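Visitor: Let me begin by handing over the structure; questions about it come next.
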There are 2 protein chains.
Amino acid sequence: MSKACVINEKDCPFYNVAWGQTKGILAAESVASNPDLQIRITEYKPFWEHSLHVHPRQAEVIFVLSGSGVSETQEGRNPIFPGCAAYIPAGVEHATLNPNPEPLRVLIIKSPADLQK
Amino acid sequence: MSKACVINEKDCPFYNVAWGQTKGILAAESVASNPDLQIRITEYKPFWEHSLHVHPRQAEVIFVLSGSGVSETQEGRNPIFPGCAAYIPAGVEHATLNPNPEPLRVLIIKSPADLQK
């Protein structure tokens, strides 16, 4: 568990993932981490379609910072845009899609942090 | 524990508090809640100075959406502005200050949610 601090996302390096790029803000790879919370900024690349997947133990919130996209669960698809928070309880199949030509930039919040992953 | 959903912050009503206004996004008063996470949007009013206080059991992250301010702990004061995340472990005395004439708008993330409060 880290000490109190202020983390500027500009000091956190992105790394590439299949769905675009991501960086830890409060995360195992960041300057501060906490077992109860993982916070990261992810940019889904244009025209990306995640397939449905599950985090068995983690609740997740995807808060849109810029761009727009779609949050999918087995109950359907919902548009997401700045100011929207997609809430995914642990164990629920979900996916995030970016059908647009601009990146979809989101704050991802998970609890617990699951630092082993 | 609520089902998966998309919450638009525009559908969440602000209510007044001493330090400005606040609204639950994933919170006891919102359409969705989770025992592990509380997420809210708070606007600190111009020239507000919170006094140091403690959440004994909750880790907290204050992610700045717009405006700028100061995050204070007993170790000192640090400026916060859009893209900054102030991380406060459980049990650490802290305060948020807005010394400016514009509201300081932040996303507040706490774990656990502490729904009784």
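Here's how to read the names in the structure tokens: chain A, B, ... by the order shown, residue numbers from 1 in each chain, ligand numbers from 1 in the order shown.
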Which polymer residues have any atom within 9 Å of an atom of segment 35-37 of chain A, counting only C-alpha atoms, with same-chain residues fewer than 6 positions away left out, as a list in words?
Guide: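 Everything that qualifies: Met1, Leu26, Ala27, Ile109, Lys110, Ser111, Pro112, Ala113, Asp114 and Leu115 of chain A; Asp36, Leu37, Ala59, Glu60, Ile109, Lys110, Ser111 and Pro112 of chain B.
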Visitor: Write a file of the selected residues as a JSON list (two decimals), in the first residue's frame, keeping C-alpha atoms.
Guide:
```json
[["chain", "number", "residue", "atom", "x", "y", "z"],
["A", 1, "MET", "CA", 0.00, 0.00, 0.00],
["A", 26, "LEU", "CA", -3.31, 3.70, -9.29],
["A", 27, "ALA", "CA", -2.01, 0.30, -10.33],
["A", 109, "ILE", "CA", -11.93, 1.71, -12.09],
["A", 110, "LYS", "CA", -11.80, -1.82, -10.66],
["A", 111, "SER", "CA", -12.27, -3.17, -7.16],
["A", 112, "PRO", "CA", -10.49, -5.12, -5.82],
["A", 113, "ALA", "CA", -7.30, -4.11, -7.66],
["A", 114, "ASP", "CA", -6.26, -7.71, -8.40],
["A", 115, "LEU", "CA", -2.60, -6.69, -8.45],
["B", 36, "ASP", "CA", -16.79, -2.24, -2.94],
["B", 37, "LEU", "CA", -16.98, 1.09, -4.79],
["B", 59, "ALA", "CA", -9.15, 4.51, 0.30],
["B", 60, "GLU", "CA", -9.98, 7.57, -1.81],
["B", 109, "ILE", "CA", -13.70, 7.20, -5.99],
["B", 110, "LYS", "CA", -13.83, 5.41, -2.63],
["B", 111, "SER", "CA", -13.35, 1.78, -1.65],
["B", 112, "PRO", "CA", -15.14, 0.25, 0.16]]
```
Visitor: Could you please select, counting only C-alpha atoms, the residues of chain B within 8 Å of chain A and state them as a ChimeraX atom specification?
Guide: /B:1-10,25-26,32,34,36-37,59,71,73,78,80,83-89,92,111-112
Visitor: Pick out the closest residue to Glu102 of chain A from this set: A:Thr22, A:Cys12, A:Phe47, A:Thr42. Count only C-alpha atoms.
Guide: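 Using only C-alpha atoms, Glu102 of chain A sits closest to A:Phe47.
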Visitor: Please extract the residues of chain A with a backbone DSSP assignment of strand (DSSP E) and present them as a PyMOL selection string.
Guide: chain A and resi 5-8+15-17+20-26+38-44+48-49+59-66+69-73+76-80+84-88+94-98+104-111
Visitor: Which is closer to Trp19 of chain B than all the others in B:Gly76, B:Arg40, B:Val31, B:Ser51, using only C-alpha atoms?
Guide: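 For Trp19 of chain B, the nearest of the given residues is B:Ser51.
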Visitor: Just how far from atom CA of Pro13 of chain A is atom CA of Leu97 of chain B, in Å to one decimal?
Guide: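 The value is 28.1 Å.
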